[in-house]
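> Compact mmCIF, N, CA and C atoms and all ligand atoms, saved as run-v1.txt, coming up:
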```
# COMPACT_ATOMS: atom_id res chain seq x y z
N MET Z 1 8.86 28.23 23.02
CA MET Z 1 8.87 27.36 21.82
C MET Z 1 7.46 27.18 21.29
N SER Z 2 7.28 27.51 20.07
CA SER Z 2 5.95 27.30 19.52
C SER Z 2 6.01 26.31 18.37
N ALA Z 3 4.99 25.55 18.24
CA ALA Z 3 4.93 24.56 17.18
C ALA Z 3 4.71 25.26 15.85
N GLY Z 4 5.42 24.87 14.84
CA GLY Z 4 5.26 25.46 13.53
C GLY Z 4 4.06 24.87 12.82
N ARG Z 5 3.95 25.21 11.56
CA ARG Z 5 2.82 24.73 10.78
C ARG Z 5 2.76 23.21 10.73
N CYS Z 6 3.91 22.62 10.75
CA CYS Z 6 3.95 21.17 10.54
C CYS Z 6 4.75 20.49 11.64
N GLY Z 7 4.63 20.97 12.85
CA GLY Z 7 5.35 20.34 13.94
C GLY Z 7 6.45 21.25 14.45
N LEU Z 8 7.39 20.70 15.15
CA LEU Z 8 8.45 21.49 15.77
C LEU Z 8 9.57 21.76 14.79
N SER Z 9 10.02 23.00 14.78
CA SER Z 9 11.17 23.30 13.94
C SER Z 9 12.41 23.23 14.80
N VAL Z 10 13.30 22.38 14.47
CA VAL Z 10 14.48 22.16 15.29
C VAL Z 10 15.70 22.78 14.64
N THR Z 11 16.03 22.33 13.48
CA THR Z 11 17.15 22.91 12.75
C THR Z 11 16.67 23.24 11.35
N ILE Z 12 17.49 23.98 10.62
CA ILE Z 12 17.13 24.32 9.24
C ILE Z 12 16.87 23.05 8.45
N VAL Z 13 17.73 22.07 8.62
CA VAL Z 13 17.58 20.82 7.89
C VAL Z 13 16.25 20.17 8.22
N ALA Z 14 15.94 20.12 9.50
CA ALA Z 14 14.68 19.50 9.91
C ALA Z 14 13.51 20.25 9.31
N VAL Z 15 13.62 21.58 9.28
CA VAL Z 15 12.53 22.38 8.71
C VAL Z 15 12.35 22.04 7.24
N VAL Z 16 13.45 21.97 6.54
CA VAL Z 16 13.36 21.65 5.11
C VAL Z 16 12.72 20.28 4.93
N LEU Z 17 13.14 19.32 5.72
CA LEU Z 17 12.58 17.98 5.61
C LEU Z 17 11.09 17.99 5.93
N LEU Z 18 10.73 18.74 6.98
CA LEU Z 18 9.32 18.80 7.37
C LEU Z 18 8.48 19.44 6.28
N VAL Z 19 9.01 20.51 5.69
CA VAL Z 19 8.25 21.20 4.66
C VAL Z 19 8.03 20.27 3.47
N SER Z 20 9.08 19.53 3.08
CA SER Z 20 8.89 18.65 1.93
C SER Z 20 7.95 17.50 2.30
N ALA Z 21 8.00 17.07 3.56
CA ALA Z 21 7.07 16.02 4.00
C ALA Z 21 5.64 16.54 3.94
N CYS Z 22 5.46 17.81 4.32
CA CYS Z 22 4.12 18.40 4.29
C CYS Z 22 3.56 18.45 2.88
N SER Z 23 4.41 18.87 1.93
CA SER Z 23 3.90 19.04 0.58
C SER Z 23 3.57 17.69 -0.05
N ARG Z 24 4.09 16.61 0.55
CA ARG Z 24 3.77 15.29 0.01
C ARG Z 24 2.69 14.61 0.85
N GLN Z 25 2.02 15.37 1.67
CA GLN Z 25 1.06 14.78 2.59
C GLN Z 25 -0.07 14.05 1.86
N GLU Z 26 -0.44 14.59 0.69
CA GLU Z 26 -1.40 13.90 -0.15
C GLU Z 26 -0.80 12.57 -0.54
N VAL Z 27 -1.38 11.50 -0.07
CA VAL Z 27 -0.84 10.19 -0.39
C VAL Z 27 -1.21 9.84 -1.82
N ASN Z 28 -0.21 9.44 -2.59
CA ASN Z 28 -0.44 9.13 -3.99
C ASN Z 28 -0.89 7.68 -4.17
N ILE Z 29 -2.16 7.45 -3.97
CA ILE Z 29 -2.69 6.08 -4.04
C ILE Z 29 -2.60 5.54 -5.46
N ASP Z 30 -2.90 6.38 -6.44
CA ASP Z 30 -2.86 5.91 -7.83
C ASP Z 30 -1.48 5.35 -8.20
N GLY Z 31 -0.45 6.05 -7.74
CA GLY Z 31 0.91 5.62 -8.03
C GLY Z 31 1.19 4.26 -7.42
N ILE Z 32 0.70 4.06 -6.20
CA ILE Z 32 0.93 2.78 -5.52
C ILE Z 32 0.12 1.68 -6.20
N VAL Z 33 -1.11 2.01 -6.55
CA VAL Z 33 -1.97 1.03 -7.24
C VAL Z 33 -1.28 0.53 -8.51
N ASN Z 34 -0.64 1.46 -9.23
CA ASN Z 34 0.07 1.06 -10.45
C ASN Z 34 1.17 0.06 -10.17
N THR Z 35 1.82 0.22 -9.03
CA THR Z 35 2.86 -0.73 -8.65
C THR Z 35 2.24 -2.11 -8.43
N CYS Z 36 1.15 -2.14 -7.72
CA CYS Z 36 0.48 -3.41 -7.39
C CYS Z 36 0.02 -4.12 -8.66
N THR Z 37 -0.53 -3.33 -9.58
CA THR Z 37 -1.13 -3.96 -10.76
C THR Z 37 -0.08 -4.50 -11.74
N THR Z 38 1.17 -4.07 -11.62
CA THR Z 38 2.19 -4.66 -12.49
C THR Z 38 2.30 -6.16 -12.20
N CYS Z 39 2.08 -6.56 -10.97
CA CYS Z 39 2.12 -7.99 -10.65
C CYS Z 39 0.73 -8.60 -10.56
N HIS Z 40 -0.20 -7.85 -9.99
CA HIS Z 40 -1.53 -8.41 -9.71
C HIS Z 40 -2.51 -8.24 -10.86
N GLY Z 41 -2.05 -7.62 -11.95
CA GLY Z 41 -2.90 -7.48 -13.13
C GLY Z 41 -3.72 -6.21 -13.10
N PRO Z 42 -4.18 -5.74 -14.28
CA PRO Z 42 -4.99 -4.53 -14.35
C PRO Z 42 -6.25 -4.68 -13.49
N ASP Z 43 -6.54 -3.66 -12.69
CA ASP Z 43 -7.67 -3.71 -11.75
C ASP Z 43 -7.52 -4.85 -10.74
N GLY Z 44 -6.31 -5.37 -10.61
CA GLY Z 44 -6.09 -6.45 -9.64
C GLY Z 44 -6.60 -7.78 -10.15
N LYS Z 45 -6.90 -7.84 -11.45
CA LYS Z 45 -7.37 -9.10 -12.03
C LYS Z 45 -6.18 -9.80 -12.67
N SER Z 46 -5.70 -10.78 -12.02
CA SER Z 46 -4.49 -11.45 -12.46
C SER Z 46 -4.81 -12.59 -13.42
N SER Z 47 -3.96 -12.75 -14.42
CA SER Z 47 -4.14 -13.86 -15.33
C SER Z 47 -3.03 -14.89 -15.16
N GLY Z 48 -2.13 -14.62 -14.22
CA GLY Z 48 -1.00 -15.52 -14.06
C GLY Z 48 -0.95 -16.17 -12.69
N ALA Z 49 0.27 -16.38 -12.22
CA ALA Z 49 0.47 -17.10 -10.96
C ALA Z 49 0.19 -16.23 -9.74
N VAL Z 50 0.28 -14.93 -9.91
CA VAL Z 50 0.05 -14.02 -8.78
C VAL Z 50 -1.44 -13.97 -8.47
N PRO Z 51 -1.83 -14.05 -7.21
CA PRO Z 51 -3.26 -14.03 -6.90
C PRO Z 51 -3.92 -12.71 -7.28
N SER Z 52 -5.18 -12.76 -7.65
CA SER Z 52 -5.93 -11.54 -7.96
C SER Z 52 -6.23 -10.77 -6.69
N LEU Z 53 -6.20 -9.45 -6.80
CA LEU Z 53 -6.64 -8.62 -5.67
C LEU Z 53 -8.13 -8.34 -5.84
N TYR Z 54 -8.55 -8.39 -7.08
CA TYR Z 54 -9.96 -8.17 -7.37
C TYR Z 54 -10.77 -9.26 -6.67
N GLY Z 55 -11.82 -8.85 -5.97
CA GLY Z 55 -12.63 -9.82 -5.25
C GLY Z 55 -12.34 -9.83 -3.76
N LEU Z 56 -11.21 -9.23 -3.37
CA LEU Z 56 -10.90 -9.14 -1.95
C LEU Z 56 -11.48 -7.85 -1.38
N SER Z 57 -11.90 -7.90 -0.13
CA SER Z 57 -12.42 -6.69 0.51
C SER Z 57 -11.25 -5.88 1.07
N GLU Z 58 -11.56 -4.63 1.41
CA GLU Z 58 -10.56 -3.76 2.02
C GLU Z 58 -9.94 -4.44 3.24
N GLU Z 59 -10.79 -5.03 4.08
CA GLU Z 59 -10.32 -5.66 5.31
C GLU Z 59 -9.40 -6.84 5.01
N GLU Z 60 -9.76 -7.61 4.00
CA GLU Z 60 -8.95 -8.78 3.66
C GLU Z 60 -7.55 -8.36 3.19
N ILE Z 61 -7.50 -7.28 2.45
CA ILE Z 61 -6.20 -6.81 1.94
C ILE Z 61 -5.35 -6.28 3.09
N VAL Z 62 -5.98 -5.49 3.97
CA VAL Z 62 -5.24 -4.96 5.12
C VAL Z 62 -4.74 -6.13 5.98
N ARG Z 63 -5.58 -7.12 6.18
CA ARG Z 63 -5.19 -8.27 7.02
C ARG Z 63 -4.04 -9.04 6.36
N ALA Z 64 -4.11 -9.20 5.05
CA ALA Z 64 -3.04 -9.90 4.34
C ALA Z 64 -1.72 -9.14 4.52
N PHE Z 65 -1.77 -7.82 4.42
CA PHE Z 65 -0.57 -7.01 4.61
C PHE Z 65 0.00 -7.20 6.01
N GLU Z 66 -0.88 -7.21 7.00
CA GLU Z 66 -0.41 -7.39 8.38
C GLU Z 66 0.23 -8.76 8.54
N ASP Z 67 -0.40 -9.77 7.96
CA ASP Z 67 0.14 -11.13 8.08
C ASP Z 67 1.49 -11.26 7.38
N PHE Z 68 1.62 -10.63 6.22
CA PHE Z 68 2.90 -10.67 5.51
C PHE Z 68 3.96 -9.94 6.35
N ALA Z 69 3.57 -8.79 6.89
CA ALA Z 69 4.52 -7.97 7.66
C ALA Z 69 4.98 -8.71 8.91
N MET Z 70 4.08 -9.47 9.53
CA MET Z 70 4.41 -10.19 10.76
C MET Z 70 5.08 -11.54 10.46
N GLY Z 71 5.15 -11.88 9.19
CA GLY Z 71 5.71 -13.17 8.83
C GLY Z 71 4.78 -14.32 9.16
N GLU Z 72 3.50 -14.01 9.35
CA GLU Z 72 2.53 -15.04 9.70
C GLU Z 72 1.96 -15.73 8.48
N ARG Z 73 2.32 -15.19 7.34
CA ARG Z 73 1.82 -15.78 6.13
C ARG Z 73 2.98 -16.00 5.17
N GLU Z 74 3.00 -17.16 4.57
CA GLU Z 74 4.11 -17.49 3.69
C GLU Z 74 4.12 -16.55 2.49
N SER Z 75 5.29 -16.11 2.12
CA SER Z 75 5.38 -15.13 1.07
C SER Z 75 6.69 -15.23 0.32
N THR Z 76 6.61 -15.08 -1.00
CA THR Z 76 7.85 -15.04 -1.78
C THR Z 76 8.28 -13.60 -1.98
N ILE Z 77 7.33 -12.71 -2.05
CA ILE Z 77 7.61 -11.34 -2.46
C ILE Z 77 6.92 -10.32 -1.57
N MET Z 78 5.69 -10.61 -1.19
CA MET Z 78 4.89 -9.60 -0.49
C MET Z 78 5.53 -9.16 0.83
N ASP Z 79 6.25 -10.06 1.49
CA ASP Z 79 6.87 -9.66 2.76
C ASP Z 79 7.86 -8.51 2.54
N ARG Z 80 8.43 -8.45 1.32
CA ARG Z 80 9.37 -7.36 1.04
C ARG Z 80 8.64 -6.11 0.58
N ILE Z 81 7.45 -6.28 0.04
CA ILE Z 81 6.70 -5.13 -0.47
C ILE Z 81 6.00 -4.39 0.66
N VAL Z 82 5.47 -5.14 1.61
CA VAL Z 82 4.65 -4.50 2.65
C VAL Z 82 5.43 -3.44 3.44
N GLY Z 83 6.73 -3.65 3.60
CA GLY Z 83 7.53 -2.71 4.39
C GLY Z 83 7.66 -1.35 3.75
N ALA Z 84 7.36 -1.26 2.47
CA ALA Z 84 7.59 -0.01 1.75
C ALA Z 84 6.49 1.02 1.97
N TYR Z 85 5.37 0.61 2.60
CA TYR Z 85 4.23 1.51 2.67
C TYR Z 85 3.80 1.82 4.10
N SER Z 86 3.29 3.03 4.26
CA SER Z 86 2.77 3.44 5.57
C SER Z 86 1.37 2.85 5.75
N ASP Z 87 0.90 2.85 6.98
CA ASP Z 87 -0.45 2.34 7.27
C ASP Z 87 -1.49 3.06 6.43
N GLU Z 88 -1.28 4.38 6.31
CA GLU Z 88 -2.23 5.19 5.57
C GLU Z 88 -2.27 4.78 4.10
N GLU Z 89 -1.10 4.53 3.55
CA GLU Z 89 -1.02 4.12 2.14
C GLU Z 89 -1.66 2.75 1.94
N ILE Z 90 -1.42 1.85 2.85
CA ILE Z 90 -1.99 0.50 2.75
C ILE Z 90 -3.51 0.57 2.82
N ARG Z 91 -4.01 1.37 3.75
CA ARG Z 91 -5.46 1.57 3.86
C ARG Z 91 -6.04 2.08 2.55
N GLY Z 92 -5.36 3.09 1.99
CA GLY Z 92 -5.84 3.71 0.76
C GLY Z 92 -5.88 2.73 -0.39
N VAL Z 93 -4.82 1.95 -0.52
CA VAL Z 93 -4.75 0.98 -1.61
C VAL Z 93 -5.78 -0.14 -1.38
N ALA Z 94 -5.90 -0.58 -0.13
CA ALA Z 94 -6.86 -1.65 0.19
C ALA Z 94 -8.27 -1.18 -0.12
N LYS Z 95 -8.54 0.08 0.21
CA LYS Z 95 -9.87 0.63 -0.06
C LYS Z 95 -10.12 0.70 -1.57
N TYR Z 96 -9.09 1.10 -2.29
CA TYR Z 96 -9.22 1.19 -3.75
C TYR Z 96 -9.64 -0.16 -4.34
N PHE Z 97 -8.92 -1.21 -3.99
CA PHE Z 97 -9.23 -2.53 -4.56
C PHE Z 97 -10.53 -3.08 -3.97
N GLY Z 98 -10.76 -2.79 -2.70
CA GLY Z 98 -12.01 -3.25 -2.06
C GLY Z 98 -13.22 -2.62 -2.75
N ASP Z 99 -13.14 -1.31 -3.01
CA ASP Z 99 -14.25 -0.60 -3.67
C ASP Z 99 -14.47 -1.12 -5.09
N LEU Z 100 -13.36 -1.37 -5.77
CA LEU Z 100 -13.43 -1.87 -7.14
C LEU Z 100 -14.23 -3.18 -7.17
N SER Z 101 -13.94 -4.06 -6.23
CA SER Z 101 -14.60 -5.36 -6.18
C SER Z 101 -16.07 -5.20 -5.81
N LYS Z 102 -16.34 -4.27 -4.88
CA LYS Z 102 -17.72 -4.03 -4.45
C LYS Z 102 -18.58 -3.52 -5.60
N GLN Z 103 -17.95 -2.64 -6.40
CA GLN Z 103 -18.69 -2.06 -7.53
C GLN Z 103 -18.90 -3.09 -8.64
N GLY Z 104 -18.19 -4.20 -8.55
CA GLY Z 104 -18.30 -5.23 -9.57
C GLY Z 104 -17.80 -4.74 -10.91
N LYS Z 105 -16.76 -3.88 -10.84
CA LYS Z 105 -16.24 -3.29 -12.07
C LYS Z 105 -15.47 -4.28 -12.92
C1 LIG D 201 6.57 -8.03 -7.58
C2 LIG D 201 5.20 -8.49 -7.72
C3 LIG D 201 4.17 -7.97 -6.72
C4 LIG D 201 3.87 -6.67 -6.44
C5 LIG D 201 4.51 -5.40 -6.99
C6 LIG D 201 2.77 -6.71 -5.49
N1 LIG D 201 2.44 -7.99 -5.20
FE1 LIG D 201 0.99 -8.63 -3.90
N2 LIG D 201 1.50 -10.56 -4.22
C7 LIG D 201 2.50 -10.99 -5.07
C8 LIG D 201 2.66 -12.44 -4.92
C9 LIG D 201 3.65 -13.31 -5.69
C10 LIG D 201 1.72 -12.84 -3.94
C11 LIG D 201 1.54 -14.26 -3.34
C12 LIG D 201 2.23 -14.27 -1.98
C13 LIG D 201 3.73 -14.20 -2.12
O1 LIG D 201 4.31 -15.10 -2.71
O2 LIG D 201 4.35 -13.21 -1.65
C14 LIG D 201 0.99 -11.64 -3.54
C15 LIG D 201 -0.04 -11.64 -2.62
C16 LIG D 201 -0.78 -10.54 -2.28
C17 LIG D 201 -1.97 -10.53 -1.44
C18 LIG D 201 -2.67 -11.74 -0.85
C19 LIG D 201 -3.72 -12.17 -1.87
C20 LIG D 201 -4.66 -13.23 -1.40
O3 LIG D 201 -5.25 -13.91 -2.25
O4 LIG D 201 -4.87 -13.38 -0.19
C21 LIG D 201 -2.38 -9.24 -1.32
C22 LIG D 201 -3.58 -8.73 -0.55
C23 LIG D 201 -1.46 -8.42 -2.09
N3 LIG D 201 -0.50 -9.24 -2.66
C24 LIG D 201 -1.56 -7.07 -2.22
C25 LIG D 201 -0.67 -6.27 -2.93
C26 LIG D 201 -0.76 -4.83 -3.00
C27 LIG D 201 -1.87 -3.99 -2.38
C28 LIG D 201 0.31 -4.40 -3.74
C29 LIG D 201 0.73 -2.98 -4.04
C30 LIG D 201 1.13 -2.20 -2.88
C31 LIG D 201 1.04 -5.59 -4.15
N4 LIG D 201 0.42 -6.69 -3.64
C32 LIG D 201 2.17 -5.58 -4.95
C33 LIG D 201 3.25 -10.20 -5.92
C34 LIG D 201 3.28 -8.81 -5.93
```
Let me see whether you can do it: turn the structure in this file into structure tokens.

Amino acid sequence: MSAGRCGLSVTIVAVVLLVSACSRQEVNIDGIVNTCTTCHGPDGKSSGAVPSLYGLSEEEIVRAFEDFAMGERESTIMDRIVGAYSDEEIRGVAKYFGDLSKQGK
């Protein structure tokens, strides 16, 4: 048994799934950021009741996600959103907003 390009090939179905997973390996951070900004405002600068993401560091955003996921932080909506993303995606999005704030954009 040899490992294929993207892990073990078990059945045709698994291979197809693996191949499509591989081609999506590039995490689409921009797409996720757009989801966040619908509530958190353009560039994470909120003008409404939703807190701004702008001004938070990468670490603060990652920590907030962990707290929401663990139920350690009160949430109306974020507890349902956090489950939708992988660690890698959360890191990427957190870095995006963290960098934005650092640059003072
Ligand atoms: C449907 C609207 C909505 C979307 C989409 C959304 N959020 Fe939120 N977010 C909220 C609300 C509302 C809160 C306040 C906590 C709560 O009630 O859940 C919040 C809180 C947060 C906080 C804590 C802010 C602070 O001041 O500590 C972070 C970090 C956060 N969201 C990040 C994100 C990221 C990153 C995304 C995109 C993956 C995202 N949110 C998508 C509505 C949203």
> Set the distance at 9 Å and use only C-alpha atoms: which residues neighbour Z:Tyr54 once local chain neighbours fewer than 6 positions away are removed? I'd like the list as a ChimeraX atom specification.
/Z:40,43-46,97-98,100-101
> Emit the selected residues as an mmCIF file, in the frame of the given file, including N, CA and C atoms.

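What follows is the written file out.cif:
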```
data_model
loop_
_atom_site.group_PDB
_atom_site.id
_atom_site.type_symbol
_atom_site.label_atom_id
_atom_site.label_comp_id
_atom_site.auth_asym_id
_atom_site.auth_seq_id
_atom_site.Cartn_x
_atom_site.Cartn_y
_atom_site.Cartn_z
ATOM 1 N N HIS Z 40 -0.200 -7.850 -9.990
ATOM 2 C CA HIS Z 40 -1.530 -8.410 -9.710
ATOM 3 C C HIS Z 40 -2.510 -8.240 -10.860
ATOM 4 N N ASP Z 43 -6.540 -3.660 -12.690
ATOM 5 C CA ASP Z 43 -7.670 -3.710 -11.750
ATOM 6 C C ASP Z 43 -7.520 -4.850 -10.740
ATOM 7 N N GLY Z 44 -6.310 -5.370 -10.610
ATOM 8 C CA GLY Z 44 -6.090 -6.450 -9.640
ATOM 9 C C GLY Z 44 -6.600 -7.780 -10.150
ATOM 10 N N LYS Z 45 -6.900 -7.840 -11.450
ATOM 11 C CA LYS Z 45 -7.370 -9.100 -12.030
ATOM 12 C C LYS Z 45 -6.180 -9.800 -12.670
ATOM 13 N N SER Z 46 -5.700 -10.780 -12.020
ATOM 14 C CA SER Z 46 -4.490 -11.450 -12.460
ATOM 15 C C SER Z 46 -4.810 -12.590 -13.420
ATOM 16 N N PHE Z 97 -8.920 -1.210 -3.990
ATOM 17 C CA PHE Z 97 -9.230 -2.530 -4.560
ATOM 18 C C PHE Z 97 -10.530 -3.080 -3.970
ATOM 19 N N GLY Z 98 -10.760 -2.790 -2.700
ATOM 20 C CA GLY Z 98 -12.010 -3.250 -2.060
ATOM 21 C C GLY Z 98 -13.220 -2.620 -2.750
ATOM 22 N N LEU Z 100 -13.360 -1.370 -5.770
ATOM 23 C CA LEU Z 100 -13.430 -1.870 -7.140
ATOM 24 C C LEU Z 100 -14.230 -3.180 -7.170
ATOM 25 N N SER Z 101 -13.940 -4.060 -6.230
ATOM 26 C CA SER Z 101 -14.600 -5.360 -6.180
ATOM 27 C C SER Z 101 -16.070 -5.200 -5.810
#
```
> Atom CA of Z:Glu59 and atom CA of Z:Lys102 are how many Å apart?
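Spanning atom CA of Z:Glu59 to atom CA of Z:Lys102 is a straight-line distance of 12.4 Å.
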> Go ahead and compute the interatomic distance for atom C4 of ligand LIG 201 (chain D) and atom C of Z:Gln103, in Å to one decimal.
23.2 Å
> For a cut-off of 6.5 Å around (-3.6, -3.9, -4.5), file coordinates, pick out all residues using all atoms listed in the file and list them as a ChimeraX atom specification.
/Z:33,36-37,44,53,93-94,97
> My list of candidates is Z:Glu72, Z:Glu88, Z:Asp79, Z:Glu26. Which is closest to ligand LIG 201 (chain D) when distances are computed with only N, CA and C atoms and all ligand atoms?
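Counting only N, CA and C atoms and all ligand atoms, the residue closest to ligand LIG 201 (chain D) is Z:Asp79.
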> May I ask you to write as an MDAnalysis selection string all residues lying at most 8 Å from ligand LIG 201 (chain D), with only C-alpha atoms and all ligand atoms counted?
chainID Z and resid 32:40 49:53 56 60:65 68 74:79 81:82 85 90 93:94 97
> What's the separation between atom C of Z:Val27 and atom CA of Z:Gly83, in Å to one decimal place?
16.5 Å
